[in-house]
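Asker: This is the structure I want to talk about, given as structure tokens.
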Amino acid sequence: MSQITFPATRFQQMDTPFYYYDLSVLQQTLSAIREAIRDHAHYQVHYAVKANANPRLLALIAEAGFGADCVSGGEVQAALNAGFSSKKIVYAGVGKSDKEILTALRAGIFCFNVESVPELEIINQLAAAQGVVANVALRINPNVDAHTHAKITTGLAENKFGIAMEDMLPTFQRANALTNVRCVGLHFHIGSQIEQMDSFVHLCERINELQDTLEAAGHSVEHINVGGGLGVDYIHPLANPIPQFRAYFDTFHAHLHLRPQQTLHFELGRSVVAQCGHLISRVLYVKEGHVKRFAILDACMTDLVRPAMYGSRHAISLLDGQGNCVASSDADLRYDVVGPICESSDVFATDLPLPSLQRGDLLALHSAGAYGEVMAFTYNCRPLPSAFYSDELKAES
Ligand code: LLP
């Protein structure tokens, strides 16, 4: 893909910070996914709305034919508003409230991913009161290490998610005894930003064992849902904007023993939207410390919390007047790139080589499309960042 150029003339006139979404990158990503699953008619990708619930992005993803993976009643509603078919909505979460369950039941979603027996019983009760039968998949905790950040690992036995493997059969039997739920699937999710396909291979092996156990006890399911988790390149996002979709889907094709007629569902979030989003910020001050040189931005942890929350690092570029990212050179200085908040975790980068910076320079923090805008908050009475899109800005620049 050609190097991205930002509409810098427009940026110069705009208040910062804001999110900028390059919709052509999103379209290319969606096409790459569709291309990678073209030969697998029984694969269905649900976009994990939690990664970014921006209505314009949601509408494009819905239009491209994807389903939605939701984790709250609010997300179910956002997905419906954006045009996702209710028949392609899955709904997970360890703590679904009665009100949220009712929203999903009334919408007639495809499936609830159920995480405990008490939840199963409440869905059954509420479905009975509505006079409907709800499709459910049991979320099984497969105890597979995703080899990712501890705070985004979900598939270990010690995590709060899902039903323990040894409880799968009794839970299945309990579900079968209930009149207003139909147990149609098994659901898994081992974590996020997973870069080694090995972790997904281990997940497949675990699912194969569990399906054997289920069948030996005389049960079967119509679908398997393997969750999300495919990682993106945070180090070279501009050179490598499209994640390894083919390797990812091929891993499941090669290692998962799907039964005839079974469908395979995926819940991809980060890999769909991370690389189309950038947080654009201005340098407020350059402060020459005795030990460090600081670039103090007008963006901070309230706009993009991932660095403060997980210690994650986003690539950062200086934009020139033409909207190109200035390539790094030997003459680069080293900066700690920080926000204005009085929290020592409000740091985007330490000792980052950047061309000499001046007050007013525009910086782009890349790979900010996933878990960026959607996680913004208003600490310090800061306003939430606004969002702009390549089609509206390019037309006017
Ligand atoms: N399915 C389930 C059940 C999930 O819990 C998640 C993410 C996904 C799918 C989507 O995973 P993805 O494809 O995006 O990796 N805020 C953190 C990430 C939290 C992910 C939580 N679960 C971050 O900024 O890294």
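Ligands are numbered from 1 in the order shown, residues from 1 within each chain, and chains are lettered A, B, ... in the order they appear in the structure tokens.
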Would you name the residues within 9 Å of ligand 1, counting only C-alpha atoms and all ligand atoms, and put them as an NGL selection string?

Answerer: :A and (46-51 or 69-71 or 91-93 or 113 or 139 or 149 or 151-154 or 161 or 187-194 or 226-231 or 266-274 or 305-307 or 309-310 or 312 or 370-372 or 375)

Asker: Write out as a list in words the residues lying within 8 Å of Val133 in chain A, counting only C-alpha atoms and excluding same-chain residues fewer than 2 positions away.

Answerer: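 Surrounding residues, per the criterion: Asn124, Ala127, Ala128, Gly131, Asn135, Thr179, Asn180, Val181 and Arg182 of chain A.
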
Asker: Filtering to N, CA, C and O atoms, could you give me those residues as a PDB file, in the first residue's frame?

Answerer:
ATOM      1  N   ASN A 124     -32.970 -17.825  30.413  1.00  0.00           N
ATOM      2  CA  ASN A 124     -34.105 -18.737  30.229  1.00  0.00           C
ATOM      3  C   ASN A 124     -35.403 -18.122  30.777  1.00  0.00           C
ATOM      4  O   ASN A 124     -36.430 -18.114  30.103  1.00  0.00           O
ATOM      5  N   ALA A 127     -36.438 -15.062  28.671  1.00  0.00           N
ATOM      6  CA  ALA A 127     -36.914 -15.503  27.352  1.00  0.00           C
ATOM      7  C   ALA A 127     -38.318 -16.092  27.491  1.00  0.00           C
ATOM      8  O   ALA A 127     -39.199 -15.843  26.664  1.00  0.00           O
ATOM      9  N   ALA A 128     -38.536 -16.861  28.581  1.00  0.00           N
ATOM     10  CA  ALA A 128     -39.864 -17.450  28.800  1.00  0.00           C
ATOM     11  C   ALA A 128     -40.906 -16.343  28.956  1.00  0.00           C
ATOM     12  O   ALA A 128     -41.992 -16.408  28.371  1.00  0.00           O
ATOM     13  N   GLY A 131     -41.839 -15.089  25.765  1.00  0.00           N
ATOM     14  CA  GLY A 131     -42.407 -16.107  24.883  1.00  0.00           C
ATOM     15  C   GLY A 131     -41.485 -16.458  23.724  1.00  0.00           C
ATOM     16  O   GLY A 131     -41.947 -16.773  22.619  1.00  0.00           O
ATOM     17  N   ASN A 135     -31.140 -18.497  21.508  1.00  0.00           N
ATOM     18  CA  ASN A 135     -29.954 -19.290  21.165  1.00  0.00           C
ATOM     19  C   ASN A 135     -28.820 -18.899  22.097  1.00  0.00           C
ATOM     20  O   ASN A 135     -28.568 -17.703  22.283  1.00  0.00           O
ATOM     21  N   THR A 179     -36.322 -24.817  29.082  1.00  0.00           N
ATOM     22  CA  THR A 179     -37.209 -24.819  27.909  1.00  0.00           C
ATOM     23  C   THR A 179     -37.024 -23.622  26.988  1.00  0.00           C
ATOM     24  O   THR A 179     -37.392 -23.674  25.822  1.00  0.00           O
ATOM     25  N   ASN A 180     -36.466 -22.511  27.503  1.00  0.00           N
ATOM     26  CA  ASN A 180     -36.424 -21.306  26.665  1.00  0.00           C
ATOM     27  C   ASN A 180     -35.023 -20.889  26.238  1.00  0.00           C
ATOM     28  O   ASN A 180     -34.802 -19.745  25.843  1.00  0.00           O
ATOM     29  N   VAL A 181     -34.076 -21.820  26.349  1.00  0.00           N
ATOM     30  CA  VAL A 181     -32.767 -21.600  25.718  1.00  0.00           C
ATOM     31  C   VAL A 181     -32.444 -22.829  24.881  1.00  0.00           C
ATOM     32  O   VAL A 181     -32.851 -23.953  25.209  1.00  0.00           O
ATOM     33  N   ARG A 182     -31.725 -22.576  23.780  1.00  0.00           N
ATOM     34  CA  ARG A 182     -31.277 -23.665  22.919  1.00  0.00           C
ATOM     35  C   ARG A 182     -29.766 -23.542  22.820  1.00  0.00           C
ATOM     36  O   ARG A 182     -29.254 -22.490  22.391  1.00  0.00           O
TER      37      ARG A 182
END

Asker: Run DSSP on the backbone and tell me which residues of range 44-255 of chain A come out as strand (DSSP E); list them as number ranges by chain.

Answerer: A: 44-48, 67-70, 89-91, 111-114, 134-141, 163-164, 181-187, 223-225

Asker: Save out the residues we just selected, N, CA and C atoms, as a compact mmCIF listing (two decimals), in the first residue's frame.

Answerer:
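This is the output file again_6.txt:
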# COMPACT_ATOMS: atom_id res chain seq x y z
N GLN A 44 -17.92 -16.87 9.47
CA GLN A 44 -18.62 -15.59 9.63
C GLN A 44 -17.83 -14.70 10.57
N VAL A 45 -17.53 -13.49 10.11
CA VAL A 45 -16.77 -12.56 10.96
C VAL A 45 -17.72 -11.54 11.57
N HIS A 46 -17.67 -11.46 12.90
CA HIS A 46 -18.43 -10.46 13.64
C HIS A 46 -17.43 -9.41 14.10
N TYR A 47 -17.70 -8.17 13.80
CA TYR A 47 -16.80 -7.10 14.24
C TYR A 47 -17.03 -6.84 15.73
N ALA A 48 -15.96 -6.83 16.52
CA ALA A 48 -16.08 -6.58 17.97
C ALA A 48 -16.25 -5.07 18.18
N GLY A 67 -20.96 -9.27 10.68
CA GLY A 67 -21.83 -9.30 11.84
C GLY A 67 -21.22 -8.44 12.93
N ALA A 68 -21.87 -8.41 14.11
CA ALA A 68 -21.36 -7.61 15.22
C ALA A 68 -21.22 -8.49 16.46
N ASP A 69 -20.14 -8.23 17.20
CA ASP A 69 -19.93 -8.89 18.50
C ASP A 69 -20.08 -7.80 19.54
N CYS A 70 -21.06 -7.94 20.43
CA CYS A 70 -21.37 -6.88 21.39
C CYS A 70 -21.13 -7.37 22.82
N ILE A 89 -25.81 -10.78 15.15
CA ILE A 89 -25.26 -10.18 16.38
C ILE A 89 -25.05 -11.27 17.43
N VAL A 90 -23.85 -11.30 17.98
CA VAL A 90 -23.57 -12.16 19.14
C VAL A 90 -23.32 -11.24 20.33
N TYR A 91 -23.62 -11.74 21.50
CA TYR A 91 -23.56 -10.89 22.70
C TYR A 91 -22.87 -11.66 23.83
N CYS A 111 -27.19 -14.95 18.85
CA CYS A 111 -26.76 -15.84 19.94
C CYS A 111 -26.21 -15.07 21.15
N PHE A 112 -26.52 -15.55 22.34
CA PHE A 112 -25.90 -15.06 23.58
C PHE A 112 -24.70 -15.96 23.86
N ASN A 113 -23.54 -15.37 24.11
CA ASN A 113 -22.41 -16.16 24.59
C ASN A 113 -22.49 -16.15 26.11
N VAL A 114 -22.85 -17.28 26.69
CA VAL A 114 -23.18 -17.35 28.12
C VAL A 114 -21.95 -17.74 28.93
N ALA A 134 -34.19 -18.50 23.31
CA ALA A 134 -32.94 -17.80 22.98
C ALA A 134 -31.85 -18.80 22.60
N ASN A 135 -31.14 -18.50 21.51
CA ASN A 135 -29.95 -19.29 21.16
C ASN A 135 -28.82 -18.90 22.10
N VAL A 136 -28.14 -19.89 22.65
CA VAL A 136 -26.97 -19.59 23.48
C VAL A 136 -25.79 -20.45 23.06
N ALA A 137 -24.60 -19.88 23.26
CA ALA A 137 -23.36 -20.65 23.12
C ALA A 137 -22.69 -20.59 24.48
N LEU A 138 -22.10 -21.69 24.91
CA LEU A 138 -21.41 -21.66 26.20
C LEU A 138 -20.00 -21.14 25.97
N ARG A 139 -19.64 -20.07 26.71
CA ARG A 139 -18.26 -19.58 26.63
C ARG A 139 -17.40 -20.40 27.55
N ILE A 140 -16.52 -21.18 26.95
CA ILE A 140 -15.66 -22.06 27.73
C ILE A 140 -14.29 -21.41 27.87
N ASN A 141 -13.77 -21.42 29.09
CA ASN A 141 -12.43 -20.90 29.32
C ASN A 141 -11.43 -22.03 29.01
N ILE A 163 -16.83 -20.44 31.31
CA ILE A 163 -17.16 -21.60 32.14
C ILE A 163 -15.95 -22.53 32.11
N ALA A 164 -15.57 -23.07 33.24
CA ALA A 164 -14.38 -23.95 33.28
C ALA A 164 -14.63 -25.18 32.40
N VAL A 181 -34.08 -21.82 26.35
CA VAL A 181 -32.77 -21.60 25.72
C VAL A 181 -32.44 -22.83 24.88
N ARG A 182 -31.73 -22.58 23.78
CA ARG A 182 -31.28 -23.66 22.92
C ARG A 182 -29.77 -23.54 22.82
N CYS A 183 -29.06 -24.57 23.25
CA CYS A 183 -27.60 -24.48 23.28
C CYS A 183 -27.04 -24.86 21.91
N VAL A 184 -26.66 -23.84 21.14
CA VAL A 184 -26.30 -24.09 19.74
C VAL A 184 -24.80 -23.96 19.45
N GLY A 185 -24.03 -23.50 20.44
CA GLY A 185 -22.62 -23.29 20.10
C GLY A 185 -21.69 -23.34 21.29
N LEU A 186 -20.40 -23.34 20.97
CA LEU A 186 -19.36 -23.17 21.98
C LEU A 186 -18.58 -21.92 21.59
N HIS A 187 -18.24 -21.13 22.61
CA HIS A 187 -17.55 -19.85 22.37
C HIS A 187 -16.26 -19.81 23.17
N HIS A 223 -22.44 -24.42 15.93
CA HIS A 223 -21.35 -23.51 15.59
C HIS A 223 -20.28 -23.42 16.68
N ILE A 224 -19.10 -23.05 16.20
CA ILE A 224 -17.97 -22.79 17.09
C ILE A 224 -17.61 -21.32 16.88
N ASN A 225 -17.39 -20.60 17.99
CA ASN A 225 -16.99 -19.21 17.91
C ASN A 225 -15.63 -19.10 18.60

Asker: What is the CA of Asp320 in chain A to CA of Phe6 in chain A distance in Å?

Answerer: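 Between CA of Asp320 in chain A and CA of Phe6 in chain A the gap works out to 9.4 Å.
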
Asker: Looking at A:Cys381, A:Met197, A:Ala78, A:Ile316, which one is nearest to Ser367 in chain A, with distances taken over only C-alpha atoms?

Answerer: A:Ile316

Asker: As a count of residues only, please: the residues near Cys300 in chain A (cut-off 7 Å, only C-alpha atoms, same-chain neighbours under 4 positions excluded).

Answerer: 5

Asker: Looking at A:Ser85, A:Thr213, A:Thr263, A:Thr302, which one is nearest to Phe66 in chain A, with distances taken over only C-alpha atoms?

Answerer: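 Using only C-alpha atoms, Phe66 in chain A sits closest to A:Ser85.
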
Asker: Compare A:Ala349, A:Pro383, A:Ser220, A:Phe249 by their minimum atom-to-atom distance to Arg38 in chain A, counting only C-alpha atoms, and give me the closest one.

Answerer: A:Phe249

Asker: Considering only C-alpha atoms, return as a PyMOL selection string whatever protein or nucleic-acid residues lie within 12 Å of His40 in chain A, sequence-local ones (same chain, fewer than 4 positions apart) excluded.

Answerer: chain A and resi 33-36+44-45+246+249-250+252-253+258+262-265

Asker: Please produce a file of the residues just selected, as a JSON list (two decimals), in the first residue's frame, where the atoms kept are C-alpha atoms.

Answerer:
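Result file follows (out34.json):
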[["chain", "number", "residue", "atom", "x", "y", "z"],
["A", 33, "ILE", "CA", -10.74, -10.04, 5.35],
["A", 34, "ARG", "CA", -13.39, -10.84, 2.75],
["A", 35, "GLU", "CA", -10.70, -12.05, 0.35],
["A", 36, "ALA", "CA", -9.10, -14.25, 3.04],
["A", 44, "GLN", "CA", -18.62, -15.59, 9.63],
["A", 45, "VAL", "CA", -16.77, -12.56, 10.96],
["A", 246, "ARG", "CA", -4.70, -15.08, 5.66],
["A", 249, "PHE", "CA", -7.84, -17.91, 9.00],
["A", 250, "ASP", "CA", -5.56, -20.59, 7.51],
["A", 252, "PHE", "CA", -8.10, -22.40, 11.95],
["A", 253, "HIS", "CA", -8.68, -24.10, 8.63],
["A", 258, "LEU", "CA", -15.07, -28.59, 12.26],
["A", 262, "GLN", "CA", -20.86, -26.42, 11.50],
["A", 263, "THR", "CA", -20.23, -22.72, 11.01],
["A", 264, "LEU", "CA", -17.13, -21.02, 12.39],
["A", 265, "HIS", "CA", -17.49, -17.56, 13.89]]

Asker: Within 9 Å of Ile101 in chain A, counting only C-alpha atoms, which residues show up once you throw out same-chain ones fewer than 2 positions away? Write them as a VMD selection string, please.

Answerer: chain A and resid 72 to 73 96 to 99 103 to 106 112 122 to 123 126 to 127

Asker: Selected residues, all heavy atoms, written as a compact mmCIF listing (two decimals), in the first residue's frame, please.

Answerer:
# COMPACT_ATOMS: atom_id res chain seq x y z
N SER A 72 -22.53 -5.29 25.51
CA SER A 72 -23.47 -4.57 26.39
C SER A 72 -24.74 -4.29 25.59
O SER A 72 -24.73 -4.37 24.34
CB SER A 72 -22.87 -3.23 26.84
OG SER A 72 -22.79 -2.33 25.74
N GLY A 73 -25.80 -3.94 26.31
CA GLY A 73 -27.05 -3.57 25.63
C GLY A 73 -26.81 -2.35 24.75
O GLY A 73 -27.36 -2.23 23.66
N LYS A 96 -24.18 -9.63 32.23
CA LYS A 96 -25.28 -9.02 31.47
C LYS A 96 -26.43 -8.70 32.42
O LYS A 96 -26.90 -9.59 33.13
CB LYS A 96 -25.77 -9.98 30.38
CG LYS A 96 -24.70 -10.46 29.40
CD LYS A 96 -25.27 -11.49 28.42
CE LYS A 96 -24.23 -12.06 27.51
NZ LYS A 96 -23.40 -13.12 28.14
N SER A 97 -26.91 -7.47 32.42
CA SER A 97 -28.03 -7.11 33.30
C SER A 97 -29.34 -7.58 32.65
O SER A 97 -29.39 -7.83 31.44
CB SER A 97 -28.08 -5.60 33.54
OG SER A 97 -28.50 -4.96 32.35
N ASP A 98 -30.41 -7.65 33.47
CA ASP A 98 -31.71 -8.09 32.94
C ASP A 98 -32.14 -7.17 31.80
O ASP A 98 -32.66 -7.63 30.78
CB ASP A 98 -32.78 -8.04 34.04
CG ASP A 98 -32.49 -9.05 35.15
OD1 ASP A 98 -31.32 -9.47 35.28
OD2 ASP A 98 -33.43 -9.41 35.88
N LYS A 99 -31.91 -5.85 31.99
CA LYS A 99 -32.33 -4.88 30.98
C LYS A 99 -31.58 -5.13 29.66
O LYS A 99 -32.16 -5.08 28.57
CB LYS A 99 -32.01 -3.48 31.53
CG LYS A 99 -32.69 -2.38 30.81
CD LYS A 99 -32.50 -1.09 31.58
CE LYS A 99 -32.75 0.07 30.63
NZ LYS A 99 -32.09 1.28 31.04
N THR A 103 -33.07 -6.24 25.98
CA THR A 103 -32.79 -5.51 24.73
C THR A 103 -32.41 -6.51 23.64
O THR A 103 -32.92 -6.45 22.51
CB THR A 103 -31.61 -4.51 24.93
OG1 THR A 103 -31.95 -3.62 25.97
CG2 THR A 103 -31.28 -3.76 23.67
N ALA A 104 -31.53 -7.44 23.99
CA ALA A 104 -31.05 -8.40 22.99
C ALA A 104 -32.14 -9.40 22.60
O ALA A 104 -32.26 -9.77 21.42
CB ALA A 104 -29.83 -9.14 23.55
N LEU A 105 -32.95 -9.82 23.59
CA LEU A 105 -34.05 -10.76 23.27
C LEU A 105 -35.05 -10.11 22.33
O LEU A 105 -35.50 -10.71 21.36
CB LEU A 105 -34.76 -11.20 24.55
CG LEU A 105 -34.06 -12.22 25.45
CD1 LEU A 105 -34.82 -12.39 26.75
CD2 LEU A 105 -33.90 -13.57 24.73
N ARG A 106 -35.40 -8.85 22.64
CA ARG A 106 -36.39 -8.15 21.81
C ARG A 106 -35.86 -7.93 20.41
O ARG A 106 -36.62 -7.94 19.44
CB ARG A 106 -36.78 -6.82 22.45
CG ARG A 106 -37.58 -7.04 23.73
CD ARG A 106 -38.21 -5.76 24.26
NE ARG A 106 -38.91 -6.04 25.51
CZ ARG A 106 -38.61 -5.50 26.69
NH1 ARG A 106 -37.66 -4.59 26.78
NH2 ARG A 106 -39.29 -5.84 27.76
N PHE A 112 -26.52 -15.55 22.34
CA PHE A 112 -25.90 -15.06 23.58
C PHE A 112 -24.70 -15.96 23.86
O PHE A 112 -24.85 -17.19 23.87
CB PHE A 112 -26.85 -15.21 24.76
CG PHE A 112 -28.01 -14.25 24.76
CD1 PHE A 112 -29.15 -14.52 24.01
CD2 PHE A 112 -27.97 -13.08 25.51
CE1 PHE A 112 -30.23 -13.64 24.02
CE2 PHE A 112 -29.04 -12.20 25.53
CZ PHE A 112 -30.18 -12.47 24.77
N ILE A 122 -31.11 -17.04 34.09
CA ILE A 122 -31.81 -15.74 33.95
C ILE A 122 -32.22 -15.53 32.49
O ILE A 122 -33.35 -15.08 32.22
CB ILE A 122 -30.90 -14.59 34.45
CG1 ILE A 122 -30.70 -14.69 35.96
CG2 ILE A 122 -31.50 -13.23 34.08
CD1 ILE A 122 -31.97 -14.61 36.79
N ILE A 123 -31.37 -15.89 31.55
CA ILE A 123 -31.75 -15.73 30.13
C ILE A 123 -32.98 -16.61 29.86
O ILE A 123 -33.93 -16.19 29.20
CB ILE A 123 -30.58 -16.09 29.19
CG1 ILE A 123 -29.44 -15.07 29.35
CG2 ILE A 123 -31.05 -16.13 27.72
CD1 ILE A 123 -28.20 -15.35 28.51
N LEU A 126 -36.09 -14.88 31.40
CA LEU A 126 -36.51 -13.68 30.67
C LEU A 126 -37.04 -14.05 29.29
O LEU A 126 -38.01 -13.45 28.81
CB LEU A 126 -35.34 -12.68 30.56
CG LEU A 126 -34.89 -12.08 31.90
CD1 LEU A 126 -33.62 -11.26 31.72
CD2 LEU A 126 -35.99 -11.20 32.50
N ALA A 127 -36.44 -15.06 28.67
CA ALA A 127 -36.91 -15.50 27.35
C ALA A 127 -38.32 -16.09 27.49
O ALA A 127 -39.20 -15.84 26.66
CB ALA A 127 -35.95 -16.52 26.75

Asker: Could you pull out the residues in range 30-109 of chain A that DSSP calls helix (DSSP H, G or I) from the backbone, as a ChimeraX atom specification?

Answerer: /A:30-36,49-51,55-63,73-82,86-88,98-107

Asker: I need the residues from that last selection saved to file as a short mmCIF file (atom, residue, chain, number, x, y, z; two decimals), in the first residue's frame (with C-alpha atoms), if you can.

Answerer:
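To be explicit, this is the file written out as result14.cif:
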data_model
loop_
_atom_site.label_atom_id
_atom_site.label_comp_id
_atom_site.auth_asym_id
_atom_site.auth_seq_id
_atom_site.Cartn_x
_atom_site.Cartn_y
_atom_site.Cartn_z
CA LEU A 30 -12.41 -5.12 5.10
CA SER A 31 -11.60 -6.28 1.55
CA ALA A 32 -8.55 -8.19 2.82
CA ILE A 33 -10.74 -10.04 5.35
CA ARG A 34 -13.39 -10.84 2.75
CA GLU A 35 -10.70 -12.05 0.35
CA ALA A 36 -9.10 -14.25 3.04
CA VAL A 49 -17.86 -3.26 18.51
CA LYS A 50 -15.89 -2.61 21.70
CA ALA A 51 -12.81 -1.80 19.58
CA PRO A 55 -21.10 5.30 13.99
CA ARG A 56 -19.45 6.05 10.63
CA LEU A 57 -17.03 3.14 11.02
CA LEU A 58 -19.81 0.85 12.23
CA ALA A 59 -21.98 1.73 9.22
CA LEU A 60 -19.16 0.90 6.76
CA ILE A 61 -18.44 -2.40 8.50
CA ALA A 62 -22.15 -3.31 8.52
CA GLU A 63 -22.44 -2.36 4.85
CA GLY A 73 -27.05 -3.57 25.63
CA GLY A 74 -25.66 -0.23 24.45
CA GLU A 75 -23.45 -1.98 21.92
CA VAL A 76 -26.35 -4.14 20.70
CA GLN A 77 -28.32 -0.92 20.16
CA ALA A 78 -25.37 0.82 18.45
CA ALA A 79 -24.95 -2.17 16.11
CA LEU A 80 -28.66 -2.16 15.23
CA ASN A 81 -28.61 1.62 14.64
CA ALA A 82 -25.61 1.23 12.32
CA SER A 86 -29.84 -8.70 14.32
CA LYS A 87 -29.38 -12.21 12.91
CA LYS A 88 -25.61 -11.58 12.86
CA ASP A 98 -31.71 -8.09 32.94
CA LYS A 99 -32.33 -4.88 30.98
CA GLU A 100 -29.50 -5.68 28.58
CA ILE A 101 -30.69 -9.26 28.11
CA LEU A 102 -34.18 -7.96 27.32
CA THR A 103 -32.79 -5.51 24.73
CA ALA A 104 -31.05 -8.40 22.99
CA LEU A 105 -34.05 -10.76 23.27
CA ARG A 106 -36.39 -8.15 21.81
CA ALA A 107 -33.96 -7.50 18.96
#

Asker: Would you mind telling me which residue in A:Asp198, A:Glu215, A:Cys204, A:Glu222 lies nearest to Leu169 in chain A when using only C-alpha atoms?

Answerer: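 So, comparing all the options, the nearest one is A:Glu215.
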